[in-house]
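Contents: one structure, followed by commentary.
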Amino acid sequence: MSGKRIPSRWKVKDPFNPARSLVRMSWNKLNTYVLATKKPVDFGRRSVFQQKWIAKRELRAYHVPNITEDQLLKRHWKSQLPLRQLSVKEQESLPPVQALAFGELERRLDVVVFRSHFASSIFEARTTVVHGHVRVNGEKCPYPARRLLPGDMVTINPNIQSQTDILAAKHPNARRFHPQPYMAPWMFIPAYLEVCYNTCSTIFLRTPLPQPSEVEIPSPHAPDMHSLAYEWYSRIKGSKTKRPPPADPLVVNGQSVRLKAKFDSIMRARLKQERDDKWEIWAKKEEEERLKSLAAKMATVAQNKTTELNA
């Protein structure tokens with residue numbers, strides 16, 4: 001894989017340029033500088049389109065810098081967001097559920113490797129997976145886009161980890177975690193992961209869910225930004241979704257009419273019932289005529305046999 005040429009659409013041009021002011025999933029010192037000096041986006045004099053586009057740009061740079069938007073929409077985008085039963089008090093303190101718009105991406109194997117601090121960036125996590133250093137449930141998995149299921153265990157080769165080293169000789173299989181420079185802002189573990197640094201493994205517990213007063217998906221951007229990005233991508237997803245062909249025009253008493261969806265379905269159901277009733281009556285008449293014809297033929301045959309016997 002290392003000898004193959006990487007397509008240009010998977011490359012990010014100068015991802016840590018401070019002039020672009022885009023936060024990435026990385027411990028790079030320039031990325032840490034951008035995170036520390038970044039100012040909140042002022043939407044005061046922006047149109048709705050500009051607000052959605054800026055939110056999309058910021059969140060795509062952080063969550064999905066290594067895949068195309070078509071791959072995001074086809075594989076990892078769901079307009080129906082995960083929900084759970086909440087009390088009235090919890091609903092009042094619940095952040096916008098659109099903050100979970102990128103929750104499906106948290107199931108990706110390369111994202112889980114980065115969230116578990118086994119790679120210094122999402123780009124390194126992808127390379128680590130492609131080179132075969134990651135196993136899922138004990139089997140080698142070179143596919144960064146693999147979506148994990150609850151209970152899957154991810155194990156990474158400890159020999160490539162710079163932040164771990166072997167402990168004393170009495171515990172040759174145990175390892176100790178060493179923080180790396182500029183990784184402090186990313187030193188947190190989401191609630192849906194269970195990480196063990198001694199064995200260089202992590203367990204994917206579940207997909208992110210809405211929680212009162214918090215957003216489970218780690219992100220440097222506010223929930224309102226996620227809501228704008230959700231509206232942007234949902235509109236694109238809806239326009240690309242294949243819609244069913246338009247229904248035949250509704251004909252009542254020989255005239256084509258247009259009704260509201262509710263009344264249209266009621267009228268179509270009523271007309272269908274009338275057609276079924278007419279077909280049933282016609283079928284009964286056909287069956288009666290067939291039986292009468294059969295009885296007449298049998299009577300004729302019987303009469304002919306009687307005549308022959310008498311002759």
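Ordering of the structure tokens sets the chain letters (A, B, ...), residue numbers begin anew at 1 in every chain, and ligands are numbered from 1 in the order given.
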
With a cut-off of 10 Å, could you pull out the residues of region 97-122 of chain A touching region 18-33 of chain A and give me the nearest pair of atoms for each, distance in Å to one decimal, using only C-alpha atoms, ordered by chain and ascending number, as a Markdown table?
| residue | atom | partner | partner_atom | distance |
| --- | --- | --- | --- | --- |
| A:Val111 | CA | A:Met25 | CA | 9.1 |
| A:Phe114 | CA | A:Met25 | CA | 7.9 |
| A:Arg115 | CA | A:Met25 | CA | 9.1 |
| A:His117 | CA | A:Trp27 | CA | 9.9 |
| A:Ala119 | CA | A:Ser26 | CA | 8.6 |
| A:Ser120 | CA | A:Trp27 | CA | 5.5 |
| A:Ser121 | CA | A:Ser26 | CA | 3.9 |
| A:Ile122 | CA | A:Met25 | CA | 5.6 |

Which residue out of A:Ser239, A:Asn310, A:Thr155, A:Ser116 has the minimum interatomic distance to Val195 (chain A) when only C-alpha atoms are used?
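Closest candidate: A:Ser116.
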
If we count only C-alpha atoms and set the cut-off at 12 Å, which residues sit around Lys140 (chain A), ignoring sequence neighbours fewer than 6 positions away in its own chain? Please answer as a PyMOL selection string.
chain A and resi 109+128-134+146+153-157

Enumerate, as a PDB file with N, CA and C atoms, in the first residue's frame, the complete set of residues in region 104-247 of chain A that a backbone-based DSSP assignment places in helix (DSSP H, G or I).
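Listed below is the output, selection.pdb:
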ATOM      1  N   GLU A 104     -22.209   9.145  13.369  1.00  0.00           N
ATOM      2  CA  GLU A 104     -21.919   7.922  12.626  1.00  0.00           C
ATOM      3  C   GLU A 104     -20.435   7.812  12.299  1.00  0.00           C
ATOM      4  N   LEU A 105     -19.746   8.957  12.185  1.00  0.00           N
ATOM      5  CA  LEU A 105     -18.305   8.922  11.916  1.00  0.00           C
ATOM      6  C   LEU A 105     -17.513   8.371  13.091  1.00  0.00           C
ATOM      7  N   GLU A 106     -18.056   8.479  14.307  1.00  0.00           N
ATOM      8  CA  GLU A 106     -17.346   7.969  15.477  1.00  0.00           C
ATOM      9  C   GLU A 106     -17.253   6.451  15.478  1.00  0.00           C
ATOM     10  N   ARG A 107     -17.966   5.791  14.577  1.00  0.00           N
ATOM     11  CA  ARG A 107     -17.869   4.342  14.461  1.00  0.00           C
ATOM     12  C   ARG A 107     -16.746   3.914  13.528  1.00  0.00           C
ATOM     13  N   LEU A 109     -13.170   3.075  12.067  1.00  0.00           N
ATOM     14  CA  LEU A 109     -12.030   2.477  12.756  1.00  0.00           C
ATOM     15  C   LEU A 109     -10.912   3.481  12.968  1.00  0.00           C
ATOM     16  N   ASP A 110     -10.609   4.309  11.960  1.00  0.00           N
ATOM     17  CA  ASP A 110      -9.517   5.271  12.122  1.00  0.00           C
ATOM     18  C   ASP A 110      -9.854   6.331  13.158  1.00  0.00           C
ATOM     19  N   VAL A 111     -11.132   6.718  13.253  1.00  0.00           N
ATOM     20  CA  VAL A 111     -11.535   7.703  14.267  1.00  0.00           C
ATOM     21  C   VAL A 111     -11.399   7.120  15.669  1.00  0.00           C
ATOM     22  N   VAL A 112     -11.775   5.861  15.844  1.00  0.00           N
ATOM     23  CA  VAL A 112     -11.653   5.214  17.154  1.00  0.00           C
ATOM     24  C   VAL A 112     -10.185   5.105  17.556  1.00  0.00           C
ATOM     25  N   VAL A 113      -9.301   4.826  16.597  1.00  0.00           N
ATOM     26  CA  VAL A 113      -7.871   4.751  16.910  1.00  0.00           C
ATOM     27  C   VAL A 113      -7.362   6.101  17.393  1.00  0.00           C
ATOM     28  N   PHE A 114      -7.794   7.192  16.765  1.00  0.00           N
ATOM     29  CA  PHE A 114      -7.345   8.514  17.214  1.00  0.00           C
ATOM     30  C   PHE A 114      -7.968   8.883  18.560  1.00  0.00           C
ATOM     31  N   ARG A 115      -9.257   8.628  18.736  1.00  0.00           N
ATOM     32  CA  ARG A 115      -9.911   8.957  20.006  1.00  0.00           C
ATOM     33  C   ARG A 115      -9.272   8.207  21.171  1.00  0.00           C
ATOM     34  N   ILE A 122      -5.615  12.105  12.783  1.00  0.00           N
ATOM     35  CA  ILE A 122      -6.520  11.239  12.043  1.00  0.00           C
ATOM     36  C   ILE A 122      -5.840  10.699  10.797  1.00  0.00           C
ATOM     37  N   PHE A 123      -4.877  11.445  10.266  1.00  0.00           N
ATOM     38  CA  PHE A 123      -4.139  10.985   9.090  1.00  0.00           C
ATOM     39  C   PHE A 123      -3.203   9.825   9.460  1.00  0.00           C
ATOM     40  N   GLU A 124      -2.541   9.949  10.607  1.00  0.00           N
ATOM     41  CA  GLU A 124      -1.684   8.847  11.067  1.00  0.00           C
ATOM     42  C   GLU A 124      -2.516   7.622  11.429  1.00  0.00           C
ATOM     43  N   ALA A 125      -3.707   7.848  11.977  1.00  0.00           N
ATOM     44  CA  ALA A 125      -4.572   6.721  12.315  1.00  0.00           C
ATOM     45  C   ALA A 125      -4.975   5.964  11.059  1.00  0.00           C
ATOM     46  N   ARG A 126      -5.280   6.689   9.999  1.00  0.00           N
ATOM     47  CA  ARG A 126      -5.640   6.030   8.741  1.00  0.00           C
ATOM     48  C   ARG A 126      -4.461   5.216   8.197  1.00  0.00           C
ATOM     49  N   THR A 127      -3.272   5.804   8.238  1.00  0.00           N
ATOM     50  CA  THR A 127      -2.087   5.095   7.749  1.00  0.00           C
ATOM     51  C   THR A 127      -1.803   3.852   8.587  1.00  0.00           C
ATOM     52  N   THR A 128      -1.968   3.967   9.897  1.00  0.00           N
ATOM     53  CA  THR A 128      -1.738   2.826  10.781  1.00  0.00           C
ATOM     54  C   THR A 128      -2.684   1.675  10.455  1.00  0.00           C
ATOM     55  N   VAL A 129      -3.933   2.001  10.180  1.00  0.00           N
ATOM     56  CA  VAL A 129      -4.909   0.963   9.852  1.00  0.00           C
ATOM     57  C   VAL A 129      -4.583   0.330   8.498  1.00  0.00           C
ATOM     58  N   VAL A 130      -4.273   1.170   7.506  1.00  0.00           N
ATOM     59  CA  VAL A 130      -4.002   0.652   6.159  1.00  0.00           C
ATOM     60  C   VAL A 130      -2.781  -0.259   6.148  1.00  0.00           C
ATOM     61  N   PRO A 158       1.586  -2.655  19.732  1.00  0.00           N
ATOM     62  CA  PRO A 158       2.254  -1.753  20.695  1.00  0.00           C
ATOM     63  C   PRO A 158       3.653  -1.334  20.270  1.00  0.00           C
ATOM     64  N   ASN A 159       4.255  -2.046  19.329  1.00  0.00           N
ATOM     65  CA  ASN A 159       5.621  -1.712  18.935  1.00  0.00           C
ATOM     66  C   ASN A 159       5.712  -0.415  18.139  1.00  0.00           C
ATOM     67  N   ILE A 160       4.589   0.073  17.632  1.00  0.00           N
ATOM     68  CA  ILE A 160       4.618   1.318  16.862  1.00  0.00           C
ATOM     69  C   ILE A 160       4.167   2.506  17.702  1.00  0.00           C
ATOM     70  N   ALA A 184      -2.141  17.627  25.153  1.00  0.00           N
ATOM     71  CA  ALA A 184      -2.997  17.897  26.309  1.00  0.00           C
ATOM     72  C   ALA A 184      -4.434  18.261  25.932  1.00  0.00           C
ATOM     73  N   PRO A 185      -4.683  19.104  24.890  1.00  0.00           N
ATOM     74  CA  PRO A 185      -6.084  19.428  24.564  1.00  0.00           C
ATOM     75  C   PRO A 185      -6.902  18.230  24.115  1.00  0.00           C
ATOM     76  N   TRP A 186      -6.244  17.137  23.737  1.00  0.00           N
ATOM     77  CA  TRP A 186      -6.970  15.984  23.212  1.00  0.00           C
ATOM     78  C   TRP A 186      -7.000  14.827  24.204  1.00  0.00           C
ATOM     79  N   PRO A 223     -22.545  23.503  19.605  1.00  0.00           N
ATOM     80  CA  PRO A 223     -23.650  22.715  19.022  1.00  0.00           C
ATOM     81  C   PRO A 223     -24.405  23.453  17.924  1.00  0.00           C
ATOM     82  N   ASP A 224     -24.490  24.793  18.016  1.00  0.00           N
ATOM     83  CA  ASP A 224     -25.179  25.543  16.968  1.00  0.00           C
ATOM     84  C   ASP A 224     -24.487  25.380  15.614  1.00  0.00           C
ATOM     85  N   MET A 225     -23.163  25.283  15.617  1.00  0.00           N
ATOM     86  CA  MET A 225     -22.440  25.040  14.376  1.00  0.00           C
ATOM     87  C   MET A 225     -22.812  23.680  13.798  1.00  0.00           C
ATOM     88  N   HIS A 226     -22.961  22.699  14.655  1.00  0.00           N
ATOM     89  CA  HIS A 226     -23.365  21.370  14.188  1.00  0.00           C
ATOM     90  C   HIS A 226     -24.767  21.412  13.586  1.00  0.00           C
ATOM     91  N   SER A 227     -25.650  22.213  14.172  1.00  0.00           N
ATOM     92  CA  SER A 227     -27.007  22.320  13.634  1.00  0.00           C
ATOM     93  C   SER A 227     -26.994  22.903  12.224  1.00  0.00           C
ATOM     94  N   LEU A 228     -26.177  23.928  12.005  1.00  0.00           N
ATOM     95  CA  LEU A 228     -26.088  24.528  10.672  1.00  0.00           C
ATOM     96  C   LEU A 228     -25.503  23.544   9.664  1.00  0.00           C
ATOM     97  N   ALA A 229     -24.461  22.823  10.068  1.00  0.00           N
ATOM     98  CA  ALA A 229     -23.870  21.836   9.160  1.00  0.00           C
ATOM     99  C   ALA A 229     -24.859  20.703   8.873  1.00  0.00           C
ATOM    100  N   TYR A 230     -25.644  20.317   9.858  1.00  0.00           N
ATOM    101  CA  TYR A 230     -26.657  19.277   9.644  1.00  0.00           C
ATOM    102  C   TYR A 230     -27.675  19.723   8.604  1.00  0.00           C
ATOM    103  N   GLU A 231     -28.120  20.973   8.679  1.00  0.00           N
ATOM    104  CA  GLU A 231     -29.074  21.480   7.693  1.00  0.00           C
ATOM    105  C   GLU A 231     -28.454  21.521   6.297  1.00  0.00           C
ATOM    106  N   TRP A 232     -27.163  21.859   6.213  1.00  0.00           N
ATOM    107  CA  TRP A 232     -26.488  21.919   4.913  1.00  0.00           C
ATOM    108  C   TRP A 232     -26.439  20.538   4.262  1.00  0.00           C
ATOM    109  N   TYR A 233     -25.952  19.553   5.007  1.00  0.00           N
ATOM    110  CA  TYR A 233     -25.775  18.222   4.426  1.00  0.00           C
ATOM    111  C   TYR A 233     -27.105  17.495   4.248  1.00  0.00           C
ATOM    112  N   SER A 234     -28.074  17.753   5.104  1.00  0.00           N
ATOM    113  CA  SER A 234     -29.380  17.112   4.941  1.00  0.00           C
ATOM    114  C   SER A 234     -30.053  17.565   3.662  1.00  0.00           C
ATOM    115  N   ARG A 235     -29.898  18.842   3.313  1.00  0.00           N
ATOM    116  CA  ARG A 235     -30.473  19.334   2.056  1.00  0.00           C
ATOM    117  C   ARG A 235     -29.815  18.650   0.865  1.00  0.00           C
ATOM    118  N   ILE A 236     -28.486  18.506   0.902  1.00  0.00           N
ATOM    119  CA  ILE A 236     -27.783  17.835  -0.201  1.00  0.00           C
ATOM    120  C   ILE A 236     -28.178  16.365  -0.256  1.00  0.00           C
ATOM    121  N   LYS A 237     -28.257  15.720   0.899  1.00  0.00           N
ATOM    122  CA  LYS A 237     -28.648  14.309   0.945  1.00  0.00           C
ATOM    123  C   LYS A 237     -30.050  14.119   0.394  1.00  0.00           C
ATOM    124  N   GLY A 238     -30.953  15.043   0.722  1.00  0.00           N
ATOM    125  CA  GLY A 238     -32.312  14.929   0.217  1.00  0.00           C
ATOM    126  C   GLY A 238     -32.407  15.110  -1.282  1.00  0.00           C
ATOM    127  N   SER A 239     -31.579  16.015  -1.828  1.00  0.00           N
ATOM    128  CA  SER A 239     -31.614  16.236  -3.276  1.00  0.00           C
ATOM    129  C   SER A 239     -31.028  15.064  -4.046  1.00  0.00           C
ATOM    130  N   LYS A 240     -30.104  14.301  -3.428  1.00  0.00           N
ATOM    131  CA  LYS A 240     -29.492  13.159  -4.110  1.00  0.00           C
ATOM    132  C   LYS A 240     -30.257  11.864  -3.886  1.00  0.00           C
TER     133      LYS A 240
END
